[in-house]
Amino acid sequence: MIHIGPHKTGSTSIQTGLLALDSIIRMRSDYVQPFSYDSGLSNPKTQCQFTRELFHVTNNTAQSYYVEKMQDFFSKAYQQQRNVLLSTEDLSAIPVEGIKYLRNMLFTSKLRL
């Protein structure tokens, strides 16, 4: 599931609530969040850093720390047969090349969203 809430629409409140409920979400559903404590991505603001890196995708290439961490997260989620819950308002402003790159990351990982 991808939540793309435009800025100033309460997305941070949603993300804070999702983080607070992370252990319950993982225990009672097949969803896992990128900012789970055990994912290595640490918090929702990491997703902002990930999306900032997607702004700079050129020629279907993005070599950066957070893109690699997110790709690892997507791969692990797929291996564990988990769905991903991704919430960041910054996705609403990513250029087309960045969106295509994210789509390829998700399809490569064969995730169910």
# chains A, B, ... in the order shown; residues from 1 in each chain; ligands from 1
call {"tool": "residues_around", "arguments": {"residues": "Ile99 of chain A", "least_positions_apart": "2", "cutoff": "12 Å", "atoms": "only C-alpha atoms", "output": "list in words"}}
result
Thr51, Arg52, Glu53, Leu54, Phe55, His56, Val57, Thr58, Asn60, Ala62, Asp90, Leu91, Ser92, Ala93, Ile94, Pro95, Val96, Glu97, Tyr101, Leu102, Arg103, Asn104, Met105 and Leu106 of chain A
call {"tool": "closest_atom_pairs", "arguments": {"of": "segment 54-84 of chain A", "to": "segment 10-34 of chain A", "cutoff": "12 Å", "atoms": "only C-alpha atoms", "output": "Markdown table"}}
result
| residue | atom | partner | partner_atom | distance |
| --- | --- | --- | --- | --- |
| A:Tyr66 | CA | A:Pro34 | CA | 11.0 |
| A:Val67 | CA | A:Pro34 | CA | 11.7 |
| A:Lys69 | CA | A:Pro34 | CA | 9.4 |
| A:Met70 | CA | A:Pro34 | CA | 7.2 |
| A:Gln71 | CA | A:Pro34 | CA | 10.2 |
| A:Asp72 | CA | A:Pro34 | CA | 10.1 |
| A:Phe73 | CA | A:Pro34 | CA | 6.7 |
| A:Phe74 | CA | A:Pro34 | CA | 8.2 |
| A:Ser75 | CA | A:Pro34 | CA | 11.4 |
| A:Lys76 | CA | A:Val32 | CA | 10.2 |
| A:Ala77 | CA | A:Val32 | CA | 7.3 |
| A:Tyr78 | CA | A:Val32 | CA | 10.4 |
| A:Gln80 | CA | A:Asp30 | CA | 9.3 |
| A:Gln81 | CA | A:Asp30 | CA | 7.6 |
| A:Arg82 | CA | A:Asp30 | CA | 5.0 |
| A:Asn83 | CA | A:Tyr31 | CA | 4.5 |
| A:Val84 | CA | A:Val32 | CA | 5.1 |
call {"tool": "select_by_dssp", "arguments": {"residues": "segment 5-107 of chain A", "states": "helix (DSSP H, G or I)", "output": "number ranges by chain"}}
result
A: 11-20, 22-28, 44-54, 65-79, 89-93, 96-107
call {"tool": "atom_distance", "arguments": {"atom1": "atom CA of Cys48 of chain A", "atom2": "atom CA of Thr9 of chain A"}}
result
16.0 Å
call {"tool": "atom_distance", "arguments": {"atom1": "atom CA of Gly98 of chain A", "atom2": "atom CA of Gly5 of chain A"}}
result
17.3 Å
call {"tool": "closest_residue", "arguments": {"among": "A:Gln79, A:Leu85, A:Lys100, A:Ser109", "to": "Ile4 of chain A", "atoms": "only C-alpha atoms"}}
result
A:Leu85
call {"tool": "select_by_dssp", "arguments": {"residues": "chain A", "states": "strand (DSSP E or B)", "output": "PyMOL selection string"}}
result
chain A and resi 2-3+31-32+58+61+83-84+86-87
call {"tool": "write_last_selection", "arguments": {"atoms": "C-alpha atoms", "output": "PDB file, in the first residue's frame"}}
result
ATOM      1  CA  ILE A   2       1.392   3.384  -0.941  1.00  0.00           C
ATOM      2  CA  HIS A   3      -0.003   6.458   0.798  1.00  0.00           C
ATOM      3  CA  TYR A  31       2.106  -5.618   6.257  1.00  0.00           C
ATOM      4  CA  VAL A  32       5.514  -4.262   7.152  1.00  0.00           C
ATOM      5  CA  THR A  58      18.817   9.876 -14.370  1.00  0.00           C
ATOM      6  CA  THR A  61      20.129   5.027 -12.437  1.00  0.00           C
ATOM      7  CA  ASN A  83       3.065  -6.543   1.944  1.00  0.00           C
ATOM      8  CA  VAL A  84       4.633  -3.111   2.217  1.00  0.00           C
ATOM      9  CA  LEU A  86       4.768   3.024   2.394  1.00  0.00           C
ATOM     10  CA  SER A  87       3.613   6.511   3.400  1.00  0.00           C
TER      11      SER A  87
END
call {"tool": "decode", "arguments": {"residues": "segment 5-16 of chain A", "atoms": "C-alpha atoms", "output": "short mmCIF file (atom, residue, chain, number, x, y, z; two decimals), in the first residue's frame"}}
result
data_model
loop_
_atom_site.label_atom_id
_atom_site.label_comp_id
_atom_site.auth_asym_id
_atom_site.auth_seq_id
_atom_site.Cartn_x
_atom_site.Cartn_y
_atom_site.Cartn_z
CA GLY A 5 -0.73 12.50 0.96
CA PRO A 6 -0.06 15.99 -0.33
CA HIS A 7 1.79 18.28 2.09
CA LYS A 8 -0.28 19.89 4.84
CA THR A 9 -3.01 17.23 4.79
CA GLY A 10 -2.15 15.36 7.99
CA SER A 11 0.31 12.84 6.52
CA THR A 12 2.76 13.27 9.40
CA SER A 13 -0.01 12.42 11.87
CA ILE A 14 -0.83 9.29 9.87
CA GLN A 15 2.86 8.31 9.77
CA THR A 16 3.28 8.93 13.51
#
